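Have a look at the structure below before the remarks.
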Amino acid sequence: METLVEQPTPNPTASLDRLLTIPEAISEMRISRTHFFRLKRQGVFRTVQLGHRTLVPQREISRLITEALAKSA
């Protein structure tokens, strides 16, 4: 007899609510560390301070990518 295991349904907004570390955000955007901090200083995206950690909302990275794709179209 086979046991069926119910798989959780993916929540597309859950990944957008994820907070990334700076190295994760840099990797996700595929930019250099210098360029990341230049964009941050220019206010191109928001970051979140939790204690001594600076985190980048996944939603901000998705927004940047969407805007870049819209400009290039």
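Every chain in the structure tokens takes a letter, A first, then B, and so on in the order presented; its residues are numbered from 1, and the ligands are numbered from 1 following the presented order.
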Please return as a VMD selection string: the residues of chain A that backbone DSSP assigns to alpha helix (DSSP H).
chain A and resid 12 to 16 22 to 29 33 to 42 58 to 72
Strand (DSSP E or B) per DSSP on the backbone: members of chain A, as a ChimeraX atom specification
/A:19-21,48-50,53-57
I want to know what sits within 12 Å of Arg53 (chain A), based on only C-alpha atoms, with residues of the same chain fewer than 4 positions away left out; could you give that as a list in words?
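My reading of the contact set: Leu19, Leu20, Thr21, Ile22, Pro23, Thr47, Val48 and Gln49 of chain A.
Neighbouring residues of Asp17 (chain A) at 9 Å or closer, counting only C-alpha atoms and skipping chain neighbours under 5 positions away, are Pro57, Gln58 and Arg59 of chain A.
Within 12 Å of Ala68 (chain A), once only C-alpha atoms are used and residues closer than 5 positions along the same chain are dropped, the contacting residues are Met29, Val44, Ile61, Ser62, Arg63 and Ala73 of chain A.
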Report, in Å to a single decimal, how far apart CA of Val56 (chain A) and CA of Arg30 (chain A) are.
14.3 Å
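For the pair CA of Arg33 (chain A) and CA of Ser15 (chain A), the separation is 22.9 Å.
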